[in-house]
Amino acid sequence: MKFRTKAIHVGNQRCQTTGAVVPPIHLASTYVQTHPGEWGDYDYSRSGNPTRDNMEDTLAALEGGCDALAFASGMAATHCVTMLLSAGDHIVAGTDIYGGTYRLFHKICNRAGIEITLVDASQPANIAKGIQDNTKLVWIESPGNPLLSITDIKACADIAKQAGVLIGIDNTFASPVLTRPLELGIDIVMHSATKYLGGHSDALGGALVVQDPDLREKLYFIQNATGNCMSPLDSFLISRGMKTLDLRVRAQSESALSIAKYLDDDPRISRVLYPGLPAFPGHSIAAQQMDGGFGAMLSFEIVGDFEQAKRVTASTRLFQLAVSLGAVESLIEQPASMSHASYDREDRLAHGINDELIRLSVGLEDVDDLIADLDQALDC
Ligand SMILES: Cc1ncc(COP(=O)(O)O)c(C=O)c1O
């Protein structure tokens, strides 16, 4: 089956009892056993739920994994990965990562005695240099958030493999439509399913996808022991979202490319960060590892300061001022005061997340309307 067929037919089998073409939402928290100590397919919803299983089966098929595990949020999924580590272990991560991941690593994992080193992962040699004797995990994102930096996924996977270190990637921005990291040697693919997988700003969830059944068992043990799972309603909504994932991501990516080109020619803009622009560093790697599009996220810096960037983000009419991304509605935000406010300011500036940076999540509206909206906001 090809991608779009899997998105509709894997994990979405019709209901055997009623014939309903859409499987029902299973809300039951517990399941009857035939005899004490004899477990059926399901016993308790934290440990397994049919609606969650459906969502996991679809995503595993789209990413090419042996299984997926669905969590209450993207952060819960990433946290589960870090719980594979023990006190004294070390993580090497890219600098261009989601602010919440930065906070998890520096303000939660550190309490468990886990050490973190951030390196510019757009140069894979930096990952190799960052690996120490006690390194147990490499964590990357491509395109990165919010600078859209491109990391050579296969090169980093090869480095991690050679060092005997597990490597995970946050694949939220690209989605499996554009990048399937397991095919490139990655061990764990993570998603904020809240974003493109769901696609309609109405569900919260996270997911991990793996190819190795032993690794799946280790992660599942942690997930079940810590009780971190996606609710049946969110599972249902994200399953529904994935049916149109391919169409949405491709159309939104096309619009993002048009907007990037428009902004690139505008004197009110000093820098456009979009992997689809030929002059963008990492463009050729992106063209190799992204399948037919460069994603629907883009950032740009205005000629102006923090306050001016704030005014622009508050002046759009179609782009709504909100964090999050990946849905049919276009969103705008200022990373310095919103998505990346959890960075210490010096650290944020050192990582290139400047005050005048603005991030767009391009939705499914008509691209001419979106460009007209940005044009009027840039004059405010
Ligand atoms: C790239 C990326 N990864 C992870 C997350 C965290 O996901 P969640 O909000 O579902 O916990 C986000 C949220 O914005 C994100 O943008």
# chains A, B, ... in the order shown; residues from 1 in each chain; ligands from 1
$ residues_near_ligand --ligand "ligand 1" --cutoff "10 Å" --atoms "only C-alpha atoms and all ligand atoms" --output "number ranges by chain"
A: 71-79, 96-101, 141-146, 169-174, 190-195, 203-207, 323-326, 339-340
$ select_by_dssp --residues "region 103-315 of chain A" --states "helix (DSSP H, G or I)" --output "ChimeraX atom specification"
/A:103-112,124-130,153-163,175-178,181-184,213-226,232-242,245-264,283-289,306-313
$ residues_around --residues "region 247-255 of chain A" --least-positions-apart "4" --cutoff "7 Å" --atoms "only C-alpha atoms" --output "JSON, numbers by chain"
{"A": [259, 293, 294, 295, 296, 362, 363, 364, 367]}
$ write_last_selection --atoms "N, CA and C atoms" --output "PDB file, in the first residue's frame"
ATOM      1  N   ILE A 259       5.263  31.834   0.033  1.00  0.00           N
ATOM      2  CA  ILE A 259       5.398  32.921   1.021  1.00  0.00           C
ATOM      3  C   ILE A 259       6.879  33.226   1.264  1.00  0.00           C
ATOM      4  N   GLY A 293       8.825  18.283  -0.854  1.00  0.00           N
ATOM      5  CA  GLY A 293       8.364  19.523  -0.210  1.00  0.00           C
ATOM      6  C   GLY A 293       9.291  19.835   0.943  1.00  0.00           C
ATOM      7  N   PHE A 294       9.244  21.095   1.407  1.00  0.00           N
ATOM      8  CA  PHE A 294      10.179  21.513   2.454  1.00  0.00           C
ATOM      9  C   PHE A 294       9.463  21.891   3.748  1.00  0.00           C
ATOM     10  N   GLY A 295       8.204  21.534   3.843  1.00  0.00           N
ATOM     11  CA  GLY A 295       7.467  21.795   5.079  1.00  0.00           C
ATOM     12  C   GLY A 295       6.742  23.122   5.047  1.00  0.00           C
ATOM     13  N   ALA A 296       5.875  23.297   6.019  1.00  0.00           N
ATOM     14  CA  ALA A 296       5.010  24.475   6.043  1.00  0.00           C
ATOM     15  C   ALA A 296       5.352  25.432   7.176  1.00  0.00           C
ATOM     16  N   VAL A 362       2.225  27.831   8.238  1.00  0.00           N
ATOM     17  CA  VAL A 362       1.363  28.136   7.090  1.00  0.00           C
ATOM     18  C   VAL A 362       0.256  27.087   6.992  1.00  0.00           C
ATOM     19  N   GLY A 363      -0.969  27.559   6.948  1.00  0.00           N
ATOM     20  CA  GLY A 363      -2.126  26.657   6.933  1.00  0.00           C
ATOM     21  C   GLY A 363      -2.633  26.402   5.518  1.00  0.00           C
ATOM     22  N   LEU A 364      -3.909  26.120   5.445  1.00  0.00           N
ATOM     23  CA  LEU A 364      -4.504  25.706   4.162  1.00  0.00           C
ATOM     24  C   LEU A 364      -5.308  26.804   3.477  1.00  0.00           C
ATOM     25  N   VAL A 367      -3.209  31.027  -0.627  1.00  0.00           N
ATOM     26  CA  VAL A 367      -1.909  31.656  -0.384  1.00  0.00           C
ATOM     27  C   VAL A 367      -1.915  33.153  -0.728  1.00  0.00           C
TER      28      VAL A 367
END
$ closest_residue --among "A:Asn54, A:Ser201, A:Ser45, A:Ser149" --to "Gly282 (chain A)" --atoms "only C-alpha atoms"
A:Ser149
$ atom_distance --atom1 "CA of Glu307 (chain A)" --atom2 "CA of Leu331 (chain A)"
18.9 Å
$ closest_residue --among "A:Glu333, A:Asp246, A:Asp369, A:Asp133" --to "Tyr196 (chain A)" --atoms "only C-alpha atoms"
A:Asp246
$ select_by_dssp --residues "region 82-269 of chain A" --states "strand (DSSP E or B)" --output "ChimeraX atom specification"
/A:90-94,115-119,135-141,166-170,188-192,206-210,269
$ write_last_selection --atoms "N, CA and C atoms" --output "short mmCIF file (atom, residue, chain, number, x, y, z; two decimals), in the first residue's frame"
data_model
loop_
_atom_site.label_atom_id
_atom_site.label_comp_id
_atom_site.auth_asym_id
_atom_site.auth_seq_id
_atom_site.Cartn_x
_atom_site.Cartn_y
_atom_site.Cartn_z
N HIS A 90 24.42 10.78 29.73
CA HIS A 90 24.62 12.05 29.03
C HIS A 90 23.85 12.07 27.71
N ILE A 91 23.27 13.23 27.39
CA ILE A 91 22.55 13.40 26.11
C ILE A 91 23.29 14.45 25.28
N VAL A 92 23.45 14.18 23.98
CA VAL A 92 23.92 15.22 23.05
C VAL A 92 22.71 15.61 22.20
N ALA A 93 22.40 16.89 22.17
CA ALA A 93 21.23 17.34 21.40
C ALA A 93 21.60 18.53 20.53
N GLY A 94 20.81 18.75 19.48
CA GLY A 94 21.01 19.91 18.62
C GLY A 94 20.58 21.17 19.34
N GLU A 115 23.16 14.52 32.25
CA GLU A 115 23.93 15.68 31.77
C GLU A 115 23.58 15.93 30.30
N ILE A 116 23.57 17.20 29.88
CA ILE A 116 23.20 17.55 28.50
C ILE A 116 24.30 18.38 27.85
N THR A 117 24.60 18.10 26.60
CA THR A 117 25.45 19.00 25.81
C THR A 117 24.69 19.35 24.55
N LEU A 118 24.57 20.66 24.27
CA LEU A 118 23.93 21.08 23.02
C LEU A 118 25.02 21.43 22.01
N VAL A 119 24.83 20.96 20.78
CA VAL A 119 25.79 21.28 19.72
C VAL A 119 25.01 21.69 18.46
N THR A 135 27.67 8.99 27.08
CA THR A 135 26.54 9.42 26.24
C THR A 135 25.65 8.22 25.93
N LYS A 136 24.35 8.39 26.17
CA LYS A 136 23.41 7.29 25.91
C LYS A 136 22.36 7.67 24.87
N LEU A 137 22.28 8.97 24.56
CA LEU A 137 21.22 9.41 23.63
C LEU A 137 21.69 10.61 22.82
N VAL A 138 21.43 10.55 21.51
CA VAL A 138 21.59 11.73 20.65
C VAL A 138 20.17 12.14 20.25
N TRP A 139 19.89 13.45 20.32
CA TRP A 139 18.54 13.94 20.02
C TRP A 139 18.61 15.07 19.00
N ILE A 140 17.94 14.88 17.88
CA ILE A 140 17.98 15.91 16.83
C ILE A 140 16.57 16.29 16.37
N GLU A 141 16.50 17.39 15.64
CA GLU A 141 15.25 17.85 15.03
C GLU A 141 15.60 18.35 13.64
N LEU A 166 22.06 5.45 21.23
CA LEU A 166 20.70 5.53 20.68
C LEU A 166 20.49 6.92 20.08
N ILE A 167 19.77 6.99 18.95
CA ILE A 167 19.49 8.31 18.38
C ILE A 167 18.00 8.48 18.13
N GLY A 168 17.47 9.61 18.62
CA GLY A 168 16.05 9.93 18.43
C GLY A 168 15.91 11.23 17.66
N ILE A 169 14.78 11.38 16.98
CA ILE A 169 14.52 12.62 16.24
C ILE A 169 13.10 13.09 16.50
N ASP A 170 12.95 14.39 16.66
CA ASP A 170 11.62 15.00 16.70
C ASP A 170 11.24 15.27 15.24
N ILE A 188 14.53 6.10 17.16
CA ILE A 188 13.24 6.51 17.74
C ILE A 188 12.76 7.78 17.04
N VAL A 189 11.56 7.71 16.47
CA VAL A 189 10.95 8.90 15.88
C VAL A 189 9.88 9.40 16.84
N MET A 190 9.96 10.69 17.15
CA MET A 190 9.00 11.27 18.07
C MET A 190 8.13 12.29 17.33
N HIS A 191 6.86 12.37 17.72
CA HIS A 191 5.96 13.39 17.15
C HIS A 191 5.20 14.11 18.24
N SER A 192 5.05 15.40 18.07
CA SER A 192 3.94 16.06 18.74
C SER A 192 2.77 15.84 17.78
N GLY A 206 1.13 12.87 21.68
CA GLY A 206 2.51 12.66 21.25
C GLY A 206 2.67 11.21 20.86
N ALA A 207 3.78 10.91 20.19
CA ALA A 207 3.97 9.51 19.78
C ALA A 207 5.45 9.21 19.62
N LEU A 208 5.78 7.94 19.82
CA LEU A 208 7.11 7.42 19.51
C LEU A 208 6.92 6.27 18.53
N VAL A 209 7.79 6.19 17.53
CA VAL A 209 7.74 5.08 16.58
C VAL A 209 9.13 4.45 16.52
N VAL A 210 9.18 3.14 16.56
CA VAL A 210 10.48 2.43 16.52
C VAL A 210 10.37 1.24 15.57
N ILE A 269 12.17 42.86 5.20
CA ILE A 269 12.62 41.62 5.82
C ILE A 269 14.13 41.52 5.67
#
$ atom_distance --atom1 "CA of Lys6 (chain A)" --atom2 "CA of Val81 (chain A)"
26.6 Å
$ residues_around --residues "Ala87 (chain A)" --least-positions-apart "3" --cutoff "8 Å" --atoms "only C-alpha atoms" --output "number ranges by chain"
A: 112-114
$ residues_around --residues "Pro275 (chain A)" --least-positions-apart "2" --cutoff "7 Å" --atoms "only C-alpha atoms" --output "ChimeraX atom specification"
/A:148,273,277,280,282-283,286,294
$ residues_around --residues "Pro232 (chain A)" --least-positions-apart "4" --cutoff "9 Å" --atoms "only C-alpha atoms" --output "ChimeraX atom specification"
/A:25-27,49-52,236-237
$ closest_residue --among "A:Thr316, A:Gln376, A:Thr179, A:Thr34" --to "Gly292 (chain A)" --atoms "only C-alpha atoms"
A:Thr179
$ atom_distance --atom1 "CA of Gln211 (chain A)" --atom2 "CA of Leu85 (chain A)"
19.4 Å
$ closest_residue --among "A:Ile108, A:Ile150, A:Leu378, A:Ala28" --to "Arg268 (chain A)" --atoms "only C-alpha atoms"
A:Leu378
$ closest_residue --among "A:Asp266, A:Asp291, A:Asp67, A:Asp379" --to "Arg311 (chain A)" --atoms "only C-alpha atoms"
A:Asp379
